[in-house]
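Shown next: upload.cif, given as mmCIF, N, CA and C atoms.
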data_structure
loop_
_atom_site.group_PDB
_atom_site.id
_atom_site.type_symbol
_atom_site.label_atom_id
_atom_site.label_comp_id
_atom_site.auth_asym_id
_atom_site.auth_seq_id
_atom_site.Cartn_x
_atom_site.Cartn_y
_atom_site.Cartn_z
ATOM 1 N N MET A 23 43.090 -1.110 36.660
ATOM 2 C CA MET A 23 42.940 -0.513 35.348
ATOM 3 C C MET A 23 43.956 0.603 35.176
ATOM 4 N N LYS A 24 44.293 0.822 33.948
ATOM 5 C CA LYS A 24 45.204 1.907 33.640
ATOM 6 C C LYS A 24 44.469 3.238 33.714
ATOM 7 N N LYS A 25 45.225 4.293 33.706
ATOM 8 C CA LYS A 25 44.639 5.623 33.798
ATOM 9 C C LYS A 25 43.827 5.994 32.556
ATOM 10 N N ASP A 26 44.191 5.407 31.405
ATOM 11 C CA ASP A 26 43.470 5.741 30.169
ATOM 12 C C ASP A 26 42.177 4.939 30.002
ATOM 13 N N GLY A 27 41.824 4.112 30.962
ATOM 14 C CA GLY A 27 40.557 3.393 30.938
ATOM 15 C C GLY A 27 40.600 2.045 30.241
ATOM 16 N N LYS A 28 41.747 1.651 29.680
ATOM 17 C CA LYS A 28 41.856 0.351 29.021
ATOM 18 C C LYS A 28 42.134 -0.733 30.052
ATOM 19 N N ILE A 29 41.669 -1.932 29.760
ATOM 20 C CA ILE A 29 41.886 -3.066 30.653
ATOM 21 C C ILE A 29 43.298 -3.612 30.412
ATOM 22 N N PHE A 30 43.978 -3.943 31.486
ATOM 23 C CA PHE A 30 45.312 -4.529 31.417
ATOM 24 C C PHE A 30 45.259 -5.822 30.600
ATOM 25 N N TYR A 31 46.224 -5.996 29.689
ATOM 26 C CA TYR A 31 46.187 -7.142 28.763
ATOM 27 C C TYR A 31 46.283 -8.481 29.479
ATOM 28 N N GLY A 32 46.825 -8.521 30.674
ATOM 29 C CA GLY A 32 46.906 -9.760 31.439
ATOM 30 C C GLY A 32 45.538 -10.340 31.760
ATOM 31 N N TRP A 33 44.544 -9.475 31.933
ATOM 32 C CA TRP A 33 43.183 -9.956 32.182
ATOM 33 C C TRP A 33 42.616 -10.635 30.943
ATOM 34 N N TRP A 34 42.984 -10.167 29.750
ATOM 35 C CA TRP A 34 42.532 -10.817 28.510
ATOM 36 C C TRP A 34 43.155 -12.210 28.389
ATOM 37 N N ILE A 35 44.420 -12.323 28.788
ATOM 38 C CA ILE A 35 45.086 -13.622 28.759
ATOM 39 C C ILE A 35 44.416 -14.579 29.743
ATOM 40 N N LEU A 36 44.104 -14.078 30.926
ATOM 41 C CA LEU A 36 43.410 -14.901 31.911
ATOM 42 C C LEU A 36 42.051 -15.357 31.400
ATOM 43 N N LEU A 37 41.302 -14.462 30.812
ATOM 44 C CA LEU A 37 39.990 -14.798 30.276
ATOM 45 C C LEU A 37 40.098 -15.845 29.165
ATOM 46 N N ALA A 38 41.059 -15.674 28.275
ATOM 47 C CA ALA A 38 41.259 -16.647 27.193
ATOM 48 C C ALA A 38 41.642 -18.012 27.755
ATOM 49 N N SER A 39 42.481 -18.039 28.785
ATOM 50 C CA SER A 39 42.893 -19.301 29.396
ATOM 51 C C SER A 39 41.718 -20.025 30.033
ATOM 52 N N ILE A 40 40.881 -19.281 30.723
ATOM 53 C CA ILE A 40 39.699 -19.885 31.349
ATOM 54 C C ILE A 40 38.758 -20.449 30.293
ATOM 55 N N MET A 41 38.570 -19.721 29.201
ATOM 56 C CA MET A 41 37.678 -20.201 28.141
ATOM 57 C C MET A 41 38.236 -21.445 27.473
ATOM 58 N N ILE A 42 39.547 -21.487 27.264
ATOM 59 C CA ILE A 42 40.170 -22.679 26.669
ATOM 60 C C ILE A 42 39.993 -23.879 27.584
ATOM 61 N N MET A 43 40.238 -23.687 28.869
ATOM 62 C CA MET A 43 40.083 -24.792 29.818
ATOM 63 C C MET A 43 38.636 -25.266 29.882
ATOM 64 N N THR A 44 37.685 -24.345 29.790
ATOM 65 C CA THR A 44 36.277 -24.701 29.906
ATOM 66 C C THR A 44 35.767 -25.400 28.650
ATOM 67 N N PHE A 45 36.055 -24.832 27.500
ATOM 68 C CA PHE A 45 35.438 -25.319 26.266
ATOM 69 C C PHE A 45 36.268 -26.337 25.500
ATOM 70 N N LEU A 46 37.541 -26.475 25.799
ATOM 71 C CA LEU A 46 38.362 -27.451 25.088
ATOM 72 C C LEU A 46 38.848 -28.580 25.985
ATOM 73 N N TYR A 47 39.500 -28.253 27.077
ATOM 74 C CA TYR A 47 40.103 -29.285 27.905
ATOM 75 C C TYR A 47 39.071 -30.133 28.654
ATOM 76 N N ALA A 48 38.112 -29.495 29.275
ATOM 77 C CA ALA A 48 37.145 -30.227 30.103
ATOM 78 C C ALA A 48 36.371 -31.292 29.313
ATOM 79 N N PRO A 49 35.813 -30.972 28.145
ATOM 80 C CA PRO A 49 35.102 -32.028 27.403
ATOM 81 C C PRO A 49 36.024 -33.169 26.967
ATOM 82 N N ILE A 50 37.237 -32.832 26.557
ATOM 83 C CA ILE A 50 38.165 -33.878 26.128
ATOM 84 C C ILE A 50 38.504 -34.789 27.297
ATOM 85 N N ALA A 51 38.791 -34.211 28.449
ATOM 86 C CA ALA A 51 39.145 -35.010 29.622
ATOM 87 C C ALA A 51 37.989 -35.908 30.054
ATOM 88 N N ASN A 52 36.760 -35.453 29.901
ATOM 89 C CA ASN A 52 35.613 -36.245 30.319
ATOM 90 C C ASN A 52 35.191 -37.277 29.283
ATOM 91 N N LEU A 53 35.490 -37.061 28.021
ATOM 92 C CA LEU A 53 35.084 -37.997 26.975
ATOM 93 C C LEU A 53 36.091 -39.107 26.721
ATOM 94 N N VAL A 54 37.273 -38.997 27.279
ATOM 95 C CA VAL A 54 38.287 -40.031 27.084
ATOM 96 C C VAL A 54 37.786 -41.377 27.572
ATOM 97 N N SER A 55 37.013 -41.381 28.630
ATOM 98 C CA SER A 55 36.539 -42.648 29.190
ATOM 99 C C SER A 55 35.642 -43.413 28.220
ATOM 100 N N LEU A 56 35.019 -42.740 27.274
ATOM 101 C CA LEU A 56 34.187 -43.432 26.284
ATOM 102 C C LEU A 56 35.009 -44.307 25.344
ATOM 103 N N PHE A 57 36.278 -43.954 25.157
ATOM 104 C CA PHE A 57 37.119 -44.659 24.196
ATOM 105 C C PHE A 57 37.998 -45.727 24.826
ATOM 106 N N ILE A 58 38.104 -45.740 26.148
ATOM 107 C CA ILE A 58 39.016 -46.681 26.797
ATOM 108 C C ILE A 58 38.587 -48.126 26.560
ATOM 109 N N LYS A 59 37.322 -48.437 26.761
ATOM 110 C CA LYS A 59 36.855 -49.818 26.606
ATOM 111 C C LYS A 59 37.024 -50.322 25.168
ATOM 112 N N PRO A 60 36.525 -49.601 24.132
ATOM 113 C CA PRO A 60 36.701 -50.116 22.769
ATOM 114 C C PRO A 60 38.159 -50.255 22.342
ATOM 115 N N VAL A 61 38.998 -49.313 22.746
ATOM 116 C CA VAL A 61 40.402 -49.372 22.344
ATOM 117 C C VAL A 61 41.106 -50.540 23.021
ATOM 118 N N THR A 62 40.877 -50.715 24.316
ATOM 119 C CA THR A 62 41.539 -51.826 24.998
ATOM 120 C C THR A 62 41.037 -53.179 24.503
ATOM 121 N N GLU A 63 39.771 -53.266 24.151
ATOM 122 C CA GLU A 63 39.257 -54.530 23.592
ATOM 123 C C GLU A 63 39.848 -54.791 22.210
ATOM 124 N N ASP A 64 39.957 -53.761 21.409
ATOM 125 C CA ASP A 64 40.511 -53.921 20.064
ATOM 126 C C ASP A 64 41.982 -54.327 20.111
ATOM 127 N N LEU A 65 42.719 -53.788 21.074
ATOM 128 C CA LEU A 65 44.134 -54.111 21.191
ATOM 129 C C LEU A 65 44.387 -55.342 22.062
ATOM 130 N N LYS A 66 43.294 -55.940 22.540
ATOM 131 C CA LYS A 66 43.377 -57.136 23.392
ATOM 132 C C LYS A 66 44.262 -56.887 24.608
ATOM 133 N N MET A 67 43.984 -55.788 25.300
ATOM 134 C CA MET A 67 44.727 -55.422 26.504
ATOM 135 C C MET A 67 43.775 -55.470 27.693
ATOM 136 N N GLU A 68 44.379 -55.526 28.879
ATOM 137 C CA GLU A 68 43.598 -55.479 30.097
ATOM 138 C C GLU A 68 43.429 -54.032 30.521
ATOM 139 N N ARG A 69 42.271 -53.752 31.095
ATOM 140 C CA ARG A 69 42.060 -52.444 31.708
ATOM 141 C C ARG A 69 42.371 -52.578 33.184
ATOM 142 N N LEU A 70 43.234 -51.740 33.676
ATOM 143 C CA LEU A 70 43.544 -51.739 35.101
ATOM 144 C C LEU A 70 42.724 -50.651 35.764
ATOM 145 N N ILE A 71 41.951 -51.040 36.740
ATOM 146 C CA ILE A 71 41.140 -50.073 37.477
ATOM 147 C C ILE A 71 41.876 -49.753 38.767
ATOM 148 N N LEU A 72 42.267 -48.526 38.895
ATOM 149 C CA LEU A 72 43.022 -48.113 40.073
ATOM 150 C C LEU A 72 42.138 -47.398 41.047
#

Is it possible to express this structure as structure tokens?
Amino acid sequence: MKKDGKIFYGWWILLASIMIMTFLYAPIANLVSLFIKPVTEDLKMERLIL
């Protein structure tokens, strides 16, 4: 912390980044699998399971 008692702005950036990753990226990454089957069937493509 600085001498004047304010929090260093880098911690605010870190906090914002963590919140973005938690509330935006994680749900999107986990919900993509719901759309793979309908999209591949609609486009008449094969799904490759790796």

Problem set entry | Å distance separating atom CA of Ser55 of chain A from atom CA of Met67 of chain A, one decimal place | 15.4 Å

Would you compute, for all listed atoms of segment 59-62 of chain A, the axis-aligned bounding box grown by 5 Å on each side, and then report its centre and edge lengths in Å rounded to one decimal, as AutoDock Vina command-line options?
--center_x 39.0 --center_y -50.8 --center_z 24.6 --size_x 15.0 --size_y 14.7 --size_z 14.4

For this session: Would you please give, as a VMD selection string, all residues of chain A that DSSP assigns to helix (DSSP H, G or I) based on the backbone?
Result: chain A and resid 31 to 64

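Pairwise distance (atom N of Met43 of chain A, atom C of Phe30 of chain A) equals 18.6 Å.
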
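The interatomic distance for the pair atom C of Ala48 of chain A and atom CA of Asp64 of chain A works out to 24.8 Å.
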